[in-house]
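Below you'll find the structure, written out as structure tokens, and then a few comments.
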Amino acid sequence: MRSPKNWLAILLKPFRKHRAEQELDEELRFHLEKQVELNIAAGMSPDAARRQALVEFGGVQQTKERVREISWGYPLEALLQDVRYGLRMLRKNPVFTAIAVLTLGLGIGMNTSIFSLIDSILFRSLPASRPEDLVLLRWHAHHQPKLHGHSSYGDCPNNRSANNPNPNGCSFSLPFFTIARSQTNLFSGITAFAHAPQLDLSGNGAATIVNNAQFVSGEFFSTLGIKAALGRMLEPADDTPASASAVVLSYGYWQSAFGGSRTAVGRTIRLNGLPFTIVGVAQQGFSGLSPGSQFDLWVPLATRPHLTPRWMPKDDGGGSWWLILVARTKPGVSVQQAQTAVSLLYRNETLHEEKPLYAEADAPGVDVVPAQQGLEGFRRTALPPLYILMLAVALVLLIACANIAGLLLARAVGRSKEIAVRLMLGARRSRLVAQLLVESLLLSFAGGALGLLLARWGTYGLMVIATRFNSGPPPFNPQLDGRVLAFTAGTAILTGLFFGLIPALRSLRLDLTPALKTGSGASTAGISGSKWYSLGNALVVAQVSLAIVALITAGLLVRTLRNLEKVNLGFDAHNVLVFGLNPTLAGYKGTQLDPLYRDLQEKFAAVPSVTSVSYSWMALLTGGEWDTDIHIPGTPESERVDSDFMPVGPRFFETLRIPLLAGRDFSGADFSAASLRSARPPDSPPDPAAAPIPVIINETFARRFFPNINPLGRHVDEAMTEDKTRPRGPGWDVVGVVGNTKYEGLRREISPTMYVASGGNGWFTIRTAGDPMQIVPAIRDIINRRDNNLAMFRVATESQQIDKLVFFDRLLARFSTAFGLLAVALACIGLYGLLSYEVTRRTREIGIRVAIGAQRSNVIRMVVVPGLLLATTGAAVGTGASLGVSRLLSSTLYEVNPGDPVTLVGSAIVLIVVALAACYFPARRATRVDPLVALRYE
Amino acid sequence: MGEQLDLLQGTLDLLILKTLALEPMHGWGIGQRIQQISKEVLQVGQGSLYPALHRLESRGWIASEWSTSDNNRRAKFYSLTAAGRKQLTKELGEWEKLSSAIALVLQHE
């Protein structure tokens, strides 16, 4: 073994080259002089002695060259030699090299781009200064707390399901936050935040809706250590009921909505009609603490009562939990100490109030966990699809590896003579394996380099896709950091070893004699044919079966997409514009809403090209859904069933072309009654003495709840509430039946649905004669002139809504089709390689067969039958495996079974056809073997 | 001068180690010593000698040091290391095994 000092000397040698050169010169000069002296002593003249010495000495430069190579250190020298040799071999087979590098580049590139996304989501630290000091508070107990209200915003997982024996969560009440904040000896800072509801922002051009605003306590920015890019951040003084009118913009929102203007700071804007002063812009790169959060602006917690429609004092009480608490640890206070203290506060707060939230036995407590782990944000929703993609691309890489292993294996047999000669000449087997591995690693590193390049584009493409329906910058920012580079290098090394090792080891199992005896090593190669063939077979079967798994997955997803696109919506989605309006944010109250909607409806209808206008609680296919429990008279009193519910304005069915199957549409009287109902205070108890409300039901409702009876005139009750003292409303009387339509999306089965007449409310739906987007400026103008505090949001055509709904299905179908076809192509290249090699290897045999009278068809069968046998074996194995794999997909599929016979058979047919093509070319070559040439082939 | 033999690399390594086992020596001296002892049969050209010396040194079997030789000239002296001594024993053993095997084969006929 070499000492470390020696290694150091070797490593430093290249840098001390100059000195080493001089020493070598001196050493050789000394040698020469001694030789001259010897010659003189033997009686030569000095000149002759010198000449003779030089002649005997030989090539000084060659000697120096050899010494230099050795000086690099023996292993390094061997490695360089292998690399040089490997590069020469790869250059000699440019087609093989190109195919292998391209295949690997694609495989590694796809893996790298997916990994860089995962990396950017999973490992990025929280955007705060010294994020490792930030902690999150999580409560836990043996029972659900008895709460008046609970909100969470996806910042951290909540496990509050009713049957969870150990519920936990991280939403807390405002009083608890106030108490925790007053204990200044626990943390060096503690802050609370919560997602704000939709806000209507006006005073900056046309009114807009801000969906991403956050309530934060005054300590938010100082606790996290976030600096201002402009102006100042919110301070505790901003967060008092008296002073609450400051707002901080995120850098991105400042750029997009205020054009990055420095005069934005100090300006007054209106949020839900209330004046707010922009005090500053947060530093670039900070758009919220939790991973993936994208806030446009931050307002003090104290503004919540004014900005939340229907806010009630008890929403800020101890029974309403809605605040996420994040603290910065205090030097000298251990996390354990802080946890014990906070738990005590929590127990005190939840057990000893006038209305205890827990029983003593519930053992409530608080965990203080690192915020980096605790705040999951969108990690939870974004990672699973990425993991699926990662698996898919890993599968493709695996096939690529098997493919290249097969090609190398075939080549290794071709090189058996070379290897036999080298073994005969005394090469050590380990050296040969090392050399073959260096060759594979050269390939995989070239593939890795290409992969890094491709990954840049791949990542960019994925980002474009991921942010297609988001304005503003993407919520994550993949970069080529050390982790990604390490991943790529690791993948390259692993793949290189994977596809290189088996052929390398295999090629050394040589019986030297026959390999040397046969001229080309082609007809009866040194490696025993059957053994190699079976390994080659196994690789091809593996490739084919992986490919069929990919293909079947693609088939299922494509069929899902087709089914979704063909779904019968139940209404005419062509040329329909929908958008949301939320006048309550602009200060409209119950009785003001109805005239507003009637007025707008009338004005919209006057716009050229508009053929019909209506409104409803939610527009169809926009993701919102309301369902309610009802009771069908005649069933047991306690039985309740579920029905979708949709308040609609006048001409709703006409505008959407939903057919009225029986009964009547809503009348003007129905709408007048509805506007009277909506003028009642929101929290007032139902009036059981009132007349039942007219309701129009869909076909499914009629079939399911009134089978074989005329539903018109039938009564539907509200379900009994848990609270027996609360009176039940008057219920509904059926006045009409309409056709079935999809409600919030495409996938959900059509449920029983009840439509009721509604006063001014919700979203507008407008049918036009031409392109609906053309009328948007006119519509916006009408709204602005009516009230410039009113903002329209989520403006889109129904066709765009559908595109959006099937977007991810389309994406998955495209991706998986690409993966599937790539996998099949790779598998068939593998099959082709194996069969072509077989034909070459058996040229002489084929020649003899032809010479003694074999028919063309016999020769073709010789090649095609084993090829097809391999393909069908692989297809069978893969189909079996896919049944297991596609079960994982069942939630993604729509009206397709994981074992869908059409897909299974179709995929198998595609594969067999392509496999036949892969067999055809080698077979054709076999039939062209000229017996005379073949027998002289050696 | 009698008939001269070229040396295979492995053999040359063995001879160098054996020569250095006696005393530290510079390159020229090693070549001369092998030539003398073999009664001029084994000729070591510098073209194989110096690469061999550097190779043995890089493997840690010999070490080198500059010091003065006759006439106060600076020369690079090589000496055997502990690892080299072990290697020498090993290679001697192999050499003896090989030569006795060859002798057996030759005696056979």
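If you're wondering about the labels, chains in the structure tokens are A, B, ... by order shown, residues count from 1 in each chain, ligands from 1 in order shown.
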Produce a table with one row for each residue of chain B that has an atom at most 12 Å from any atom of chain A, each row naming the nearest atom pair and its distance in Å at one decimal; use only C-alpha atoms; arrange rows by chain and rising residue number; format as JSON lines.
{"residue": "B:Gly10", "atom": "CA", "partner": "A:Gly426", "partner_atom": "CA", "distance": 11.8}
{"residue": "B:His26", "atom": "CA", "partner": "A:His31", "partner_atom": "CA", "distance": 8.7}
{"residue": "B:Gly27", "atom": "CA", "partner": "A:His31", "partner_atom": "CA", "distance": 7.1}
{"residue": "B:Trp28", "atom": "CA", "partner": "A:His31", "partner_atom": "CA", "distance": 5.3}
{"residue": "B:Gly29", "atom": "CA", "partner": "A:His31", "partner_atom": "CA", "distance": 8.7}
{"residue": "B:Ile30", "atom": "CA", "partner": "A:His31", "partner_atom": "CA", "distance": 10.6}
{"residue": "B:Gly31", "atom": "CA", "partner": "A:His31", "partner_atom": "CA", "distance": 9.7}
{"residue": "B:Gln32", "atom": "CA", "partner": "A:Gln35", "partner_atom": "CA", "distance": 9.7}
{"residue": "B:Gln43", "atom": "CA", "partner": "A:Glu56", "partner_atom": "CA", "distance": 10.8}
{"residue": "B:Val44", "atom": "CA", "partner": "A:Phe57", "partner_atom": "CA", "distance": 10.3}
{"residue": "B:Gly45", "atom": "CA", "partner": "A:Phe57", "partner_atom": "CA", "distance": 6.9}
{"residue": "B:Gln46", "atom": "CA", "partner": "A:Phe57", "partner_atom": "CA", "distance": 6.3}
{"residue": "B:Gly47", "atom": "CA", "partner": "A:Thr63", "partner_atom": "CA", "distance": 5.0}
{"residue": "B:Ser48", "atom": "CA", "partner": "A:Thr63", "partner_atom": "CA", "distance": 7.5}
{"residue": "B:Leu49", "atom": "CA", "partner": "A:Thr63", "partner_atom": "CA", "distance": 9.0}
{"residue": "B:Tyr50", "atom": "CA", "partner": "A:Val67", "partner_atom": "CA", "distance": 6.7}
{"residue": "B:Pro51", "atom": "CA", "partner": "A:Val67", "partner_atom": "CA", "distance": 4.6}
{"residue": "B:Ala52", "atom": "CA", "partner": "A:Val67", "partner_atom": "CA", "distance": 8.1}
{"residue": "B:Leu53", "atom": "CA", "partner": "A:Val67", "partner_atom": "CA", "distance": 8.7}
{"residue": "B:His54", "atom": "CA", "partner": "A:Val67", "partner_atom": "CA", "distance": 6.3}
{"residue": "B:Arg55", "atom": "CA", "partner": "A:Ile70", "partner_atom": "CA", "distance": 5.6}
{"residue": "B:Leu56", "atom": "CA", "partner": "A:Ile70", "partner_atom": "CA", "distance": 9.3}
{"residue": "B:Glu57", "atom": "CA", "partner": "A:Ser71", "partner_atom": "CA", "distance": 8.9}
{"residue": "B:Ser58", "atom": "CA", "partner": "A:Gly73", "partner_atom": "CA", "distance": 5.9}
{"residue": "B:Arg59", "atom": "CA", "partner": "A:Arg2", "partner_atom": "CA", "distance": 7.1}
{"residue": "B:Gly60", "atom": "CA", "partner": "A:Arg2", "partner_atom": "CA", "distance": 6.3}
{"residue": "B:Trp61", "atom": "CA", "partner": "A:Arg2", "partner_atom": "CA", "distance": 9.3}
{"residue": "B:Ile62", "atom": "CA", "partner": "A:Asn6", "partner_atom": "CA", "distance": 11.7}
{"residue": "B:Ala63", "atom": "CA", "partner": "A:Asn6", "partner_atom": "CA", "distance": 10.4}
{"residue": "B:Ser64", "atom": "CA", "partner": "A:Glu27", "partner_atom": "CA", "distance": 11.4}
{"residue": "B:Glu65", "atom": "CA", "partner": "A:Glu23", "partner_atom": "CA", "distance": 11.0}
{"residue": "B:Trp66", "atom": "CA", "partner": "A:Glu23", "partner_atom": "CA", "distance": 9.3}
{"residue": "B:Ser67", "atom": "CA", "partner": "A:Glu27", "partner_atom": "CA", "distance": 11.5}
{"residue": "B:Thr68", "atom": "CA", "partner": "A:Phe30", "partner_atom": "CA", "distance": 11.3}
{"residue": "B:Ser69", "atom": "CA", "partner": "A:Phe30", "partner_atom": "CA", "distance": 10.2}
{"residue": "B:Asp70", "atom": "CA", "partner": "A:Lys34", "partner_atom": "CA", "distance": 10.4}
{"residue": "B:Asn71", "atom": "CA", "partner": "A:Lys34", "partner_atom": "CA", "distance": 11.2}
{"residue": "B:Asn72", "atom": "CA", "partner": "A:Phe30", "partner_atom": "CA", "distance": 11.9}
{"residue": "B:Arg73", "atom": "CA", "partner": "A:Phe30", "partner_atom": "CA", "distance": 8.3}
{"residue": "B:Arg74", "atom": "CA", "partner": "A:Phe30", "partner_atom": "CA", "distance": 8.1}
{"residue": "B:Ala75", "atom": "CA", "partner": "A:Glu27", "partner_atom": "CA", "distance": 6.5}
{"residue": "B:Lys76", "atom": "CA", "partner": "A:Glu27", "partner_atom": "CA", "distance": 6.4}
{"residue": "B:Phe77", "atom": "CA", "partner": "A:Glu27", "partner_atom": "CA", "distance": 9.7}
{"residue": "B:Tyr78", "atom": "CA", "partner": "A:Glu27", "partner_atom": "CA", "distance": 11.5}
{"residue": "B:Thr81", "atom": "CA", "partner": "A:Arg2", "partner_atom": "CA", "distance": 11.5}
{"residue": "B:Ala82", "atom": "CA", "partner": "A:Met1", "partner_atom": "CA", "distance": 11.1}
{"residue": "B:Ala83", "atom": "CA", "partner": "A:Met1", "partner_atom": "CA", "distance": 8.1}
{"residue": "B:Gly84", "atom": "CA", "partner": "A:Met1", "partner_atom": "CA", "distance": 10.9}
{"residue": "B:Lys86", "atom": "CA", "partner": "A:Met1", "partner_atom": "CA", "distance": 11.5}
{"residue": "B:Gln87", "atom": "CA", "partner": "A:Met1", "partner_atom": "CA", "distance": 11.3}
Exercise for review: Could you tell me, as a PyMOL selection string, which residues of range 481-730 of chain A DSSP assigns to helix (DSSP H, G or I) when given the backbone?
Suggested key: chain A and resi 482-508+512-517+529-565+583-586+590-605+652-656+668-678+699-705
Check your understanding: Using only C-alpha atoms, which of the listed residues (A:Val913, A:Arg598, A:Phe579, A:Val735) sits closest to Trp763 in chain A?
Key ->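 Closest to Trp763 in chain A of all the choices is A:Phe579.
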Practice item. Quick one: everything within 10 Å of range 891-896 of chain A, counting only C-alpha atoms, minus sequence neighbours fewer than 5 positions away in the same chain. Send it as a VMD selection string. Key: chain A and resid 556 to 564 746 to 748 808 to 809 812 886 901 to 903
Check your understanding: Distance CA of Tyr920 in chain A-CA of Val865 in chain A, one decimal place?
Key ->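 Separation between CA of Tyr920 in chain A and CA of Val865 in chain A: 10.8 Å.
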Practice item. Compare A:Asp315, A:Phe652, A:Phe215, A:Arg347 by their minimum atom-to-atom distance to Leu297 in chain A, counting only C-alpha atoms, and give me the closest one. Key: A:Phe215
